[in-house]
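Asker: Contents are mmCIF, C-alpha atoms and all ligand atoms; file name structure.cif:
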```cif
data_query
#
loop_
_atom_site.label_atom_id
_atom_site.label_comp_id
_atom_site.auth_asym_id
_atom_site.auth_seq_id
_atom_site.Cartn_x
_atom_site.Cartn_y
_atom_site.Cartn_z
CA MET A 162 0.00 0.00 0.00
CA VAL A 163 1.12 3.53 -0.84
CA GLY A 164 -0.49 6.82 0.17
CA ARG A 165 -1.60 8.80 -2.90
CA ILE A 166 -2.34 12.50 -2.52
CA CYS A 167 -5.97 12.95 -3.54
CA GLY A 168 -6.58 16.46 -2.20
CA THR A 169 -4.60 19.58 -1.31
CA GLY A 170 -5.49 22.84 0.42
CA ALA A 171 -3.82 26.01 1.62
CA TYR A 172 -4.64 29.11 3.56
CA ALA A 173 -2.79 32.34 4.31
CA PRO A 174 -4.27 35.11 6.46
CA PRO A 175 -5.37 38.23 4.55
CA VAL A 176 -3.07 40.69 6.37
CA PHE A 177 0.52 40.85 5.17
CA ALA A 178 3.68 42.80 5.96
CA SER A 179 5.77 43.93 2.98
CA ASN A 180 9.52 44.49 3.14
CA GLU A 181 8.78 48.22 3.11
CA ASP A 182 6.57 47.75 6.19
CA LEU A 183 9.52 46.08 7.95
CA GLU A 184 11.77 49.04 7.12
CA ASN A 185 9.70 50.86 9.75
CA VAL A 186 10.27 48.11 12.33
CA VAL A 187 13.99 47.25 12.08
CA ASP A 188 17.11 48.60 10.33
CA THR A 189 16.65 46.82 6.98
CA SER A 190 15.71 47.50 3.37
CA ASP A 191 13.54 45.97 0.67
CA THR A 192 16.66 45.58 -1.51
CA TRP A 193 18.61 43.70 1.18
CA ILE A 194 15.74 41.33 1.94
CA ARG A 195 14.98 40.58 -1.73
CA GLU A 196 18.63 40.06 -2.68
CA ARG A 197 19.56 37.94 0.34
CA THR A 198 16.35 35.91 0.63
CA GLY A 199 13.96 36.38 -2.34
CA ILE A 200 11.18 37.38 0.08
CA ALA A 201 8.92 40.36 -0.72
CA ARG A 202 6.13 39.99 1.84
CA ARG A 203 4.80 37.58 4.49
CA HIS A 204 1.25 36.98 5.72
CA ILE A 205 0.53 37.74 9.37
CA ALA A 206 -2.27 36.10 11.38
CA VAL A 207 -4.24 38.74 13.22
CA GLU A 208 -7.60 37.01 13.67
CA ASP A 209 -6.35 33.52 12.74
CA THR A 210 -4.41 30.99 14.81
CA ALA A 211 -2.58 27.76 13.95
CA VAL A 212 -5.92 25.96 14.52
CA THR A 213 -8.15 28.17 12.36
CA MET A 214 -5.61 28.23 9.51
CA ALA A 215 -5.23 24.45 9.69
CA VAL A 216 -9.01 23.97 9.56
CA LYS A 217 -9.35 26.22 6.49
CA ALA A 218 -6.55 24.42 4.62
CA ALA A 219 -7.88 20.99 5.66
CA ARG A 220 -11.49 21.76 4.57
CA GLN A 221 -10.19 22.69 1.13
CA ALA A 222 -8.02 19.55 0.89
CA LEU A 223 -10.95 17.31 1.88
CA ALA A 224 -13.28 19.06 -0.59
CA ASN A 225 -10.70 18.79 -3.41
CA GLY A 226 -10.15 15.12 -2.63
CA LYS A 227 -13.92 14.48 -2.27
CA ILE A 228 -13.28 12.91 1.13
CA ASP A 229 -15.93 13.03 3.83
CA PRO A 230 -14.43 14.25 7.15
CA GLU A 231 -15.93 11.17 8.84
CA ALA A 232 -13.84 8.94 6.54
CA VAL A 233 -10.55 10.36 7.88
CA GLU A 234 -8.83 7.82 10.15
CA LEU A 235 -5.76 9.81 11.19
CA ILE A 236 -5.01 13.54 11.46
CA LEU A 237 -1.35 14.55 11.77
CA VAL A 238 -0.55 18.19 12.40
CA SER A 239 2.98 19.50 12.14
CA THR A 240 3.47 22.79 13.98
CA ILE A 241 5.98 24.65 16.12
CA SER A 242 3.52 27.43 16.90
CA PRO A 243 0.39 25.83 18.38
CA GLU A 244 -2.34 28.02 19.86
CA ARG A 245 -2.25 25.88 23.01
CA VAL A 246 0.07 23.15 24.27
CA LEU A 247 -2.96 21.09 25.29
CA PRO A 248 -5.07 19.76 23.70
CA CYS A 249 -3.03 19.10 20.58
CA THR A 250 -3.84 21.12 17.46
CA ALA A 251 -4.87 17.95 15.59
CA CYS A 252 -7.67 17.28 18.14
CA GLU A 253 -8.97 20.83 17.82
CA VAL A 254 -8.92 20.49 14.04
CA GLN A 255 -10.76 17.17 14.31
CA LYS A 256 -13.50 18.84 16.37
CA GLN A 257 -14.02 21.67 13.89
CA LEU A 258 -13.97 19.36 10.86
CA GLY A 259 -16.29 16.80 12.44
CA ALA A 260 -13.72 14.11 11.64
CA VAL A 261 -15.03 12.07 14.55
CA GLN A 262 -13.39 8.76 13.57
CA ALA A 263 -9.86 10.16 13.34
CA VAL A 264 -6.96 9.51 15.71
CA CYS A 265 -5.12 12.79 16.18
CA PHE A 266 -1.68 13.95 17.21
CA ASP A 267 0.84 16.74 16.60
CA LEU A 268 4.42 16.41 15.55
CA ASN A 269 7.33 18.87 15.80
CA ALA A 270 10.30 18.63 13.46
CA ALA A 271 10.44 22.39 12.80
CA CYS A 272 10.77 23.23 9.11
CA ALA A 273 11.19 19.54 8.27
CA GLY A 274 7.90 18.89 10.09
CA PHE A 275 5.56 18.51 7.15
CA LEU A 276 7.96 16.04 5.57
CA TYR A 277 8.18 13.99 8.77
CA ALA A 278 4.39 14.04 9.18
CA TYR A 279 4.00 12.97 5.55
CA ASN A 280 6.46 10.10 6.13
CA THR A 281 4.56 9.09 9.28
CA ALA A 282 1.30 9.01 7.31
CA GLN A 283 2.94 6.87 4.63
CA ALA A 284 4.27 4.47 7.29
CA TYR A 285 0.78 4.01 8.79
CA ILE A 286 -0.71 3.47 5.34
CA ARG A 287 2.04 1.05 4.33
CA SER A 288 1.48 -0.97 7.52
CA GLY A 289 -2.22 -1.27 6.65
CA MET A 290 -3.23 0.41 9.90
CA TYR A 291 -4.95 3.45 8.32
CA LYS A 292 -6.08 4.14 4.78
CA THR A 293 -7.25 7.76 4.82
CA VAL A 294 -4.94 10.30 6.44
CA LEU A 295 -5.03 14.08 6.66
CA VAL A 296 -1.59 15.73 6.99
CA ILE A 297 -1.44 19.43 7.88
CA GLY A 298 1.39 21.93 8.34
CA THR A 299 0.25 25.09 10.14
CA GLU A 300 2.27 27.95 11.60
CA GLN A 301 1.70 31.26 13.32
CA LEU A 302 5.38 32.16 13.40
CA SER A 303 4.69 35.89 13.75
CA LYS A 304 4.12 35.28 17.47
CA LEU A 305 7.49 33.50 17.87
CA VAL A 306 9.47 36.15 16.03
CA ASP A 307 11.50 38.79 17.87
CA TRP A 308 10.36 41.90 15.98
CA THR A 309 13.51 43.74 17.11
CA ASP A 310 15.89 41.18 15.53
CA ARG A 311 16.47 41.96 11.85
CA ASN A 312 18.34 38.68 11.38
CA THR A 313 15.15 36.68 11.86
CA CYS A 314 12.00 38.83 11.75
CA ILE A 315 12.25 39.42 8.00
CA LEU A 316 12.26 35.70 7.23
CA PHE A 317 9.12 34.16 8.68
CA GLY A 318 5.40 34.21 7.83
CA ASP A 319 2.09 32.58 8.80
CA GLY A 320 -0.07 30.09 6.92
CA ALA A 321 -1.22 26.49 6.59
CA GLY A 322 -1.24 23.74 3.98
CA ALA A 323 -2.85 20.30 3.96
CA VAL A 324 -2.91 17.09 1.94
CA VAL A 325 -5.23 14.08 2.10
CA LEU A 326 -3.69 10.68 1.46
CA THR A 327 -5.58 7.53 0.57
CA GLY A 328 -4.01 4.07 0.50
CA GLU A 329 -3.78 2.48 -2.94
CA GLU A 330 -2.10 -0.65 -4.28
CA ASN A 331 -0.11 1.14 -6.98
CA GLY A 332 2.21 4.09 -6.61
CA ARG A 333 5.71 4.99 -5.67
CA TYR A 334 7.05 6.34 -2.41
CA ASN A 335 10.35 6.33 -0.57
CA MET A 336 12.12 8.57 1.92
CA THR A 337 15.31 9.57 3.65
CA ALA A 338 15.33 11.42 6.98
CA HIS A 339 18.05 12.55 9.37
CA SER A 340 18.45 14.36 12.68
CA ASP A 341 21.51 15.79 14.45
CA GLY A 342 20.75 17.06 17.95
CA ARG A 343 24.41 18.00 18.47
CA LYS A 344 23.86 21.00 16.20
CA GLY A 345 20.56 22.00 17.80
CA GLU A 346 21.78 25.33 19.16
CA ALA A 347 21.93 26.76 15.61
CA LEU A 348 18.18 27.40 15.71
CA THR A 349 16.22 27.50 18.96
CA CYS A 350 13.03 28.82 20.54
CA ARG A 351 12.13 28.35 24.23
CA THR A 352 8.44 27.83 25.12
CA ASP A 353 8.53 31.26 26.81
CA GLY A 354 10.80 32.91 24.26
CA LYS A 355 11.44 33.88 20.64
CA ILE A 356 13.27 32.32 17.67
CA LYS A 357 17.08 32.63 17.80
CA MET A 358 19.15 31.58 14.83
CA ASP A 359 22.70 31.41 13.58
CA GLY A 360 21.66 32.19 9.99
CA ARG A 361 25.04 31.43 8.40
CA GLU A 362 25.30 28.04 10.07
CA VAL A 363 21.74 27.09 9.06
CA PHE A 364 22.46 28.26 5.51
CA ARG A 365 25.65 26.15 5.29
CA PHE A 366 23.82 23.13 6.73
CA ALA A 367 20.94 23.47 4.25
CA VAL A 368 23.00 23.80 1.08
CA LYS A 369 25.07 20.74 2.03
CA SER A 370 22.50 18.41 3.58
CA VAL A 371 19.56 18.92 1.18
CA PRO A 372 21.41 17.84 -2.00
CA GLU A 373 23.04 14.97 -0.06
CA CYS A 374 19.74 13.55 1.14
CA ILE A 375 18.11 14.00 -2.27
CA ARG A 376 21.00 12.06 -3.85
CA GLU A 377 20.62 9.36 -1.20
CA LEU A 378 16.91 9.09 -2.00
CA LEU A 379 17.47 8.95 -5.76
CA GLU A 380 20.13 6.27 -5.33
CA ARG A 381 17.74 4.18 -3.24
CA GLU A 382 15.14 4.40 -6.00
CA GLN A 383 17.72 4.04 -8.79
CA LEU A 384 16.64 7.33 -10.32
CA LEU A 385 18.61 10.26 -11.73
CA ALA A 386 17.90 13.88 -10.86
CA GLU A 387 16.65 14.42 -14.43
CA ASP A 388 13.96 11.76 -13.86
CA ILE A 389 12.28 14.04 -11.31
CA ASP A 390 9.63 16.41 -12.65
CA TYR A 391 9.57 18.80 -9.68
CA PHE A 392 11.60 19.29 -6.50
CA VAL A 393 9.28 20.81 -3.89
CA LEU A 394 11.65 22.25 -1.30
CA HIS A 395 10.94 23.88 2.02
CA GLN A 396 10.83 27.60 1.21
CA ALA A 397 13.41 29.23 3.49
CA ASN A 398 15.60 31.30 1.20
CA ARG A 399 15.80 31.66 -2.58
CA ARG A 400 19.61 31.39 -2.41
CA ILE A 401 19.34 28.01 -0.65
CA VAL A 402 17.07 26.71 -3.45
CA GLU A 403 19.46 28.07 -6.10
CA ALA A 404 22.47 26.45 -4.41
CA VAL A 405 20.65 23.10 -4.33
CA THR A 406 19.81 23.31 -8.05
CA LYS A 407 23.50 23.91 -8.85
CA ARG A 408 24.71 21.04 -6.67
CA LEU A 409 22.21 18.68 -8.27
CA ASN A 410 22.79 20.16 -11.72
CA VAL A 411 19.05 20.54 -12.34
CA PRO A 412 17.44 23.60 -14.02
CA LEU A 413 15.83 26.11 -11.67
CA GLU A 414 12.44 25.69 -13.47
CA ARG A 415 12.05 22.33 -11.77
CA PHE A 416 12.25 23.98 -8.34
CA PRO A 417 8.99 25.93 -7.97
CA MET A 418 9.14 28.73 -5.41
CA ASN A 419 6.63 30.97 -3.66
CA LEU A 420 8.69 32.47 -0.86
CA GLU A 421 8.40 35.92 -2.43
CA GLU A 422 4.74 35.88 -1.30
CA TYR A 423 4.91 33.98 2.01
CA GLY A 424 8.46 34.03 3.41
CA ASN A 425 9.39 30.96 5.44
CA THR A 426 6.21 29.36 6.81
CA SER A 427 8.09 26.38 8.31
CA SER A 428 5.80 23.28 8.35
CA ALA A 429 3.32 24.95 6.01
CA SER A 430 5.66 25.81 3.14
CA ILE A 431 5.71 22.49 1.24
CA PRO A 432 1.91 21.86 1.29
CA ILE A 433 1.14 25.50 0.39
CA LEU A 434 3.51 25.27 -2.58
CA LEU A 435 2.14 21.88 -3.61
CA HIS A 436 -1.42 23.22 -3.50
CA GLU A 437 -0.45 26.17 -5.71
CA MET A 438 1.21 23.80 -8.20
CA LYS A 439 -1.95 21.72 -8.31
CA GLN A 440 -4.15 24.79 -8.80
CA LYS A 441 -1.94 25.94 -11.69
CA GLY A 442 -2.50 22.55 -13.35
CA ILE A 443 1.20 21.72 -13.71
CA LEU A 444 0.94 18.38 -11.89
CA LYS A 445 0.08 15.43 -14.16
CA PRO A 446 -0.60 11.82 -13.15
CA GLY A 447 2.57 9.75 -13.00
CA MET A 448 4.88 12.73 -12.41
CA LYS A 449 7.68 12.13 -9.93
CA LEU A 450 8.02 14.71 -7.17
CA VAL A 451 10.71 15.04 -4.52
CA PHE A 452 9.77 16.90 -1.33
CA ALA A 453 12.73 18.09 0.76
CA GLY A 454 12.70 19.80 4.14
CA PHE A 455 15.29 21.03 6.64
CA GLY A 456 15.30 22.98 9.83
CA ALA A 457 15.80 23.13 13.57
CA GLY A 458 16.88 19.98 15.36
CA LEU A 459 18.79 19.90 13.14
CA SER A 460 16.41 17.80 11.01
CA TRP A 461 16.30 17.14 7.30
CA GLY A 462 15.07 14.69 4.72
CA ALA A 463 13.55 14.04 1.33
CA SER A 464 10.62 11.97 0.04
CA LEU A 465 9.76 10.68 -3.40
CA THR A 466 6.09 10.77 -4.40
CA GLU A 467 4.33 9.79 -7.59
CA TRP A 468 1.49 12.16 -8.45
N1 LIG A 501 18.68 43.83 6.81
C1 LIG A 501 19.87 44.39 6.58
N2 LIG A 501 21.04 43.84 6.98
C2 LIG A 501 20.96 42.67 7.62
C3 LIG A 501 19.73 42.00 7.89
C4 LIG A 501 18.57 42.66 7.46
N3 LIG A 501 17.34 42.12 7.66
N4 LIG A 501 19.98 40.87 8.54
C5 LIG A 501 21.31 40.77 8.68
N5 LIG A 501 21.91 41.88 8.13
C6 LIG A 501 23.33 42.18 8.07
C7 LIG A 501 24.12 41.45 9.14
O1 LIG A 501 24.07 42.15 10.36
C8 LIG A 501 25.49 41.45 8.51
O2 LIG A 501 26.10 42.71 8.75
P1 LIG A 501 27.67 42.77 9.16
O3 LIG A 501 28.38 42.20 7.98
O4 LIG A 501 27.85 44.23 9.39
O5 LIG A 501 27.77 41.92 10.38
C9 LIG A 501 25.22 41.33 7.01
O6 LIG A 501 23.86 41.74 6.84
C10 LIG A 501 25.39 39.93 6.47
O7 LIG A 501 24.79 39.01 7.38
P2 LIG A 501 24.75 37.46 7.12
O8 LIG A 501 24.12 36.77 8.29
O9 LIG A 501 26.11 36.99 6.68
O10 LIG A 501 23.80 37.42 5.85
P3 LIG A 501 23.47 36.21 4.96
O11 LIG A 501 23.82 36.50 3.58
O12 LIG A 501 23.97 34.91 5.57
O13 LIG A 501 21.87 36.18 5.04
C11 LIG A 501 20.16 34.96 6.15
C12 LIG A 501 21.25 36.00 6.29
C13 LIG A 501 19.15 35.47 5.16
C14 LIG A 501 19.51 34.77 7.51
C15 LIG A 501 20.78 33.64 5.65
O14 LIG A 501 21.91 33.29 6.43
C16 LIG A 501 19.80 32.50 5.67
O15 LIG A 501 18.83 32.48 4.95
N6 LIG A 501 20.09 31.48 6.49
C17 LIG A 501 19.22 30.33 6.59
C18 LIG A 501 18.07 30.68 7.45
C19 LIG A 501 16.98 29.65 7.42
O16 LIG A 501 16.72 29.07 6.39
N7 LIG A 501 16.36 29.47 8.57
C20 LIG A 501 15.21 28.68 8.69
C21 LIG A 501 15.48 27.24 8.79
S1 LIG A 501 14.01 26.43 8.91
C22 LIG A 501 13.46 26.26 10.55
O17 LIG A 501 13.61 25.22 11.14
C23 LIG A 501 12.72 27.40 11.20
#
```
Written as structure tokens, that's how I'd like the structure from this file.
Ligand code: ACO

Answerer:
Amino acid sequence: MVGRICGTGAYAPPVFASNEDLENVVDTSDTWIRERTGIARRHIAVEDTAVTMAVKAARQALANGKIDPEAVELILVSTISPERVLPCTACEVQKQLGAVQAVCFDLNAACAGFLYAYNTAQAYIRSGMYKTVLVIGTEQLSKLVDWTDRNTCILFGDGAGAVVLTGEENGRYNMTAHSDGRKGEALTCRTDGKIKMDGREVFRFAVKSVPECIRELLEREQLLAEDIDYFVLHQANRRIVEAVTKRLNVPLERFPMNLEEYGNTSSASIPILLHEMKQKGILKPGMKLVFAGFGAGLSWGASLTEW
């Protein structure tokens, strides 16, 4: 059994902060932010929370996939910015969706979180334990950002993305995943504090580890980089994506990006991007996609999916 994505959804709150808006908050400039990151604006949740954004993205994914909420057997939510520690975000989402049959839990692997949740869903489906799984990445990072720190506040944004997986006999899936707690201090956030990051170290880690784990995945599946139709990377920094394309020797067109609009939405970035790709009609049955995520932990990995 393999989990096939039958529905996608995404939501970003209507309020956003442009780079020019941030020029009034910290000592920065639109030019610096665009050149160093590729980001132009980020959405900010004012009325929304991680729960409400997750529910909106999930409703859309279920509707697109024509899946009744009561048919969902498992809800996995990846988030580092829950509204409450207890109950878990997945249970609150379950309540609002009316997905009364679903088992629910949250998972935290920072910006690799959606990927880890997706792998967890695939593992449950492969084992035969569950057949219909809702996987959500949702983040209200604006509340974890130190708005006086120009090194970090320009990077992050709020939003949610969701996919629905159903178990099918045919399809292709594989994964690689890694963690290195020894390097955890590069990117931290206490429960009572704000995000702190050694940007250069995280950058170096990302441009080395992402191509490595993609190569590992391709080798496992006996595929070449040119066999992959799209690489759907966690959207942290345009320069990270560009460096990965060079190391893999793959044209930039096969690395869709939307960080200009959203910034880094951590767990939500891959499903938001995937939903946009689907809405644009560029995903065709049988296409091979590689998802790749990286972030605090340090944690990173890649997954192969057949559309
Ligand atoms: N505006 C203007 N100047 C700035 C800003 C800003 N917003 N931020 C930093 N600078 C300055 C620095 O102070 C520094 O000045 P100095 O030379 O006088 O000391 C100069 O710009 C260069 O700073 P660097 O840190 O070397 O800039 P860099 O090119 O590395 O870009 C960035 C910084 C964008 C943070 C980059 O390192 C990066 O993207 N790193 C990865 C971050 C990331 O992806 N994090 C998320 C991981 S996912 C997760 O788990 C949450």

Asker: Need to verify the contact set: segment 442-449 of chain A, 10 Å, all atoms listed in the file, exclusion of same-chain residues closer than 6 positions in sequence. Can you return it as number ranges by chain?

Answerer: A: 332-334, 388-392, 435-436, 465-468

Asker: Got time to write the residues from that selection, C-alpha atoms, as a PDB file, in the frame of the given file?

Answerer:
```pdb
ATOM      1  CA  GLY A 332       2.210   4.090  -6.610  1.00  0.00           C
ATOM      2  CA  ARG A 333       5.710   4.990  -5.670  1.00  0.00           C
ATOM      3  CA  TYR A 334       7.050   6.340  -2.410  1.00  0.00           C
ATOM      4  CA  ASP A 388      13.960  11.760 -13.860  1.00  0.00           C
ATOM      5  CA  ILE A 389      12.280  14.040 -11.310  1.00  0.00           C
ATOM      6  CA  ASP A 390       9.630  16.410 -12.650  1.00  0.00           C
ATOM      7  CA  TYR A 391       9.570  18.800  -9.680  1.00  0.00           C
ATOM      8  CA  PHE A 392      11.600  19.290  -6.500  1.00  0.00           C
ATOM      9  CA  LEU A 435       2.140  21.880  -3.610  1.00  0.00           C
ATOM     10  CA  HIS A 436      -1.420  23.220  -3.500  1.00  0.00           C
ATOM     11  CA  LEU A 465       9.760  10.680  -3.400  1.00  0.00           C
ATOM     12  CA  THR A 466       6.090  10.770  -4.400  1.00  0.00           C
ATOM     13  CA  GLU A 467       4.330   9.790  -7.590  1.00  0.00           C
ATOM     14  CA  TRP A 468       1.490  12.160  -8.450  1.00  0.00           C
TER      15      TRP A 468
END
```

Asker: How far is it from atom C4 of ligand LIG 501 (chain A) to atom CA of Asp359 of chain A, in Å with one decimal?

Answerer: 13.5 Å

Asker: May I ask which of the residues A:Gln262, A:Asn335, A:Gln383, A:Thr313 is the closest one to ligand LIG 501 (chain A), counting all atoms listed in the file?

Answerer: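 Among the listed residues, the smallest separation from ligand LIG 501 (chain A) belongs to A:Thr313.
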
Asker: Applying 7 Å and all atoms listed in the file, which residues near Ala404 of chain A remain after dropping the ones on its own chain fewer than 4 positions away? List them as a list of chain:residue names.

Answerer: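 Contacts, with the query itself left out: A:Val368, A:Arg400, A:Arg408.
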
Asker: Based on the selection just made, write C-alpha atoms of those residues as a PDB file, in the frame of the given file.

Answerer:
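Below is the file result-v8.pdb, written as the result:
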```pdb
ATOM      1  CA  VAL A 368      23.000  23.800   1.080  1.00  0.00           C
ATOM      2  CA  ARG A 400      19.610  31.390  -2.410  1.00  0.00           C
ATOM      3  CA  ARG A 408      24.710  21.040  -6.670  1.00  0.00           C
TER       4      ARG A 408
END
```

Asker: Using only C-alpha atoms, which of A:Met214, A:Val207, A:Leu413, A:Val187 sits nearest Ala429 of chain A?

Answerer: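 Checking each candidate against Ala429 of chain A, we get A:Met214 as the closest.
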
Asker: What is the atom CA of Leu302 of chain A-atom O5 of ligand LIG 501 (chain A) distance in Å, reported with one decimal?

Answerer: 24.6 Å

Asker: Please return the centre and edge lengths, in Å to one decimal, of a box with edges along x, y and z that contains all listed atoms of segment 170-181 of chain A, widened by 5 Å on every side, as lines of an AutoDock Vina configuration file.

Answerer:
```
center_x = 2.0
center_y = 35.5
center_z = 3.4
size_x = 25.0
size_y = 35.4
size_z = 16.0
```

Asker: Which residues form the shell of 7 Å around ligand LIG 501 (chain A) when you count only C-alpha atoms and all ligand atoms, given as a PyMOL selection string?

Answerer: chain A and resi 188-190+193-194+197-198+271-273+311-313+315+348+360-361+363-364+397-398+427+455-457

Asker: Distance atom CA of Asp229 of chain A-atom CA of Lys292 of chain A, one decimal place?

Answerer: 13.3 Å

Asker: Would you pick out the contacts of Cys249 of chain A at 10 Å or less, using only C-alpha atoms, so that residues sharing its chain but fewer than 5 positions from it are not included, and give the list as a count of residues only?

Answerer: 10

Asker: Which residue gives the smallest distance to Glu382 of chain A among A:Val306, A:Val451, A:Ala347, A:Ile433, with all atoms listed in the file counted?

Answerer: A:Val451
